[in-house]
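Engineer: Structure provided below as structure tokens; questions to follow.
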Amino acid sequence: MDAMALRRRRLRGALFEGLCALASFAGVGILLAILIYIVRQGAGALDLAFFTATPKPVGETGGGIANAIVGTLLIVAVAAAIALPIGIGAGIYLAEFGRGRFADLVRLVADVLTGVPSIVIGILAYELVVVTMHRFSALAGGVALAALMLPPLVRTTEEILRLVPGEYREAALALGAPRWRTVLTVIVPAATGGLITGVMLALARAAGETAPLLFTAFGNNFWNLNPGQPTAALPLQIYQYVISPYDDWHRQAWAAALVLVTIVFVLSALARLATRSTRRGNQ
């Protein structure tokens, strides 16, 4: 009887393992199918001019998305400059100092903001920044993307710092280091790899957002390095090209999507490398 029960348990375990593996393969297969389709549709439009030229006027073929690539980097840089200090600082506070109702409120707000649709964040940034400045701008787009980056940054930073062994804190405090010095010189350096992973993933999410930029950055077919002016971005360029009636713009939209996916992939890969290097260093 025990042998039969053990055999049934093993059979059920193998069945569930097989189902989990099948679900994993299905997810990976769908992702690969999407990537392969994007590569097939967009690779043909990639050339030097695509990366160095600006969009052509309506009706003309050719042109590129150089201004959109630079605009994306500009907007994401503005968002990072706003979100990283606030998000990491709030995460450090929650992990090391936050107690009581205020800390619980901060966690609740971060969790709620995580589920807010990005278009709602875009409308809020429009009211707070665009209406105030009386114009669209990269700064407004950066504020919107920063609002999207903050919740995962706060919660990721808190969880990563909580994974640092308590012995690190005890050893530093036993040597006479104050709490703030312990956090800055012992705890944060020990969690650097995890923090970099959270930052990279937040940047990857921000780089691919479109809805908030429709109400804030607005787009621009020319070069612009002024954060106070309307600015092009890859998601906006893709959106504008896809809804157009021109086949050449559709082809360039696929190519721009391929570039955007590549940027997100590179950021995610860098996050994985940072995690691996940290694990090897700890070993």
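If you're wondering about the labels, chains in the structure tokens are A, B, ... by order shown, residues count from 1 in each chain, ligands from 1 in order shown.
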Quick one: residues within 8 Å of range 169-171 of chain A, only C-alpha atoms counted, chain neighbours fewer than 5 positions away excluded, as a compact mmCIF listing (two decimals) with N, CA and C atoms, in the first residue's frame?

Structural biologist:
# COMPACT_ATOMS: atom_id res chain seq x y z
N THR A 182 26.15 52.91 8.73
CA THR A 182 26.02 51.48 8.47
C THR A 182 25.24 51.23 7.19
N VAL A 183 24.15 51.97 7.04
CA VAL A 183 23.31 51.79 5.85
C VAL A 183 24.07 52.17 4.58
N VAL A 186 27.71 49.92 4.37
CA VAL A 186 27.69 48.46 4.51
C VAL A 186 26.50 47.84 3.79
N ILE A 187 25.30 48.29 4.14
CA ILE A 187 24.09 47.64 3.63
C ILE A 187 23.89 47.91 2.13

Engineer: Hey, which of A:Ala26, A:Leu195, A:Val106, A:Leu175 ends up closest to Pro151 in chain A? Count only C-alpha atoms.

Structural biologist: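 Once distances to Pro151 in chain A are computed over only C-alpha atoms, the minimum belongs to A:Val106.
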
Engineer: Out of range 59-167 of chain A, which residues get alpha helix (DSSP H) from DSSP, as a PyMOL selection string?

Structural biologist: chain A and resi 66-92+100-114+118-125+131-133+138-162+166-167

Engineer: Which distance in Å separates CA of Pro55 in chain A and CA of Phe222 in chain A, to one decimal?

Structural biologist: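 According to the coordinates, CA of Pro55 in chain A and CA of Phe222 in chain A are separated by 7.7 Å.
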
Engineer: Report the closest atom pair, with its distance in Å rounded to one decimal, for each residue of range 178-268 of chain A that has an atom no farther than 8 Å from range 116-124 of chain A; count only C-alpha atoms, sort by chain and then rising residue number, and write it as a tab-separated table.

Structural biologist:
residue	atom	partner	partner_atom	distance
A:Glu209	CA	A:Ser118	CA	7.7
A:Ala211	CA	A:Ile119	CA	5.0
A:Pro212	CA	A:Gly122	CA	3.7
A:Leu213	CA	A:Gly122	CA	6.7
A:Leu214	CA	A:Gly122	CA	7.6
A:Phe215	CA	A:Gly122	CA	5.8
A:Thr216	CA	A:Gly122	CA	6.8

Engineer: Sort by chain and increasing residue number a table of all residues of range 106-143 of chain A within 7 Å of range 56-77 of chain A, each with its closest pair of atoms and their distance in Å to one decimal, counting only C-alpha atoms, and write it as a tab-separated table.

Structural biologist:
residue	atom	partner	partner_atom	distance
A:Ala138	CA	A:Ile75	CA	5.4
A:Leu139	CA	A:Ile75	CA	7.0
A:Gly141	CA	A:Ile75	CA	6.2
A:Gly142	CA	A:Ile75	CA	5.0

Engineer: Once you have the residues from the selection above, write them out as a PDB file, in the first residue's frame, restricted to C-alpha atoms.

Structural biologist:
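Writing the result to selection.pdb gives the following:
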ATOM      1  CA  ALA A 138      10.679  66.228 -22.592  1.00  0.00           C
ATOM      2  CA  LEU A 139      10.540  67.383 -18.978  1.00  0.00           C
ATOM      3  CA  GLY A 141       7.481  63.194 -20.380  1.00  0.00           C
ATOM      4  CA  GLY A 142      10.247  62.551 -17.864  1.00  0.00           C
TER       5      GLY A 142
END

Engineer: In Å to one decimal, how far is CA of Leu145 in chain A from CA of Gly208 in chain A?

Structural biologist: 9.9 Å

Engineer: Write out as a list in words which residues come within 10 Å of Ala45 in chain A when counting only C-alpha atoms, dropping same-chain ones fewer than 5 positions away.

Structural biologist: Phe50, Gly62, Gly64, Asp248, Arg251, Gln252, Ala253, Trp254, Ala255 and Ala256 of chain A
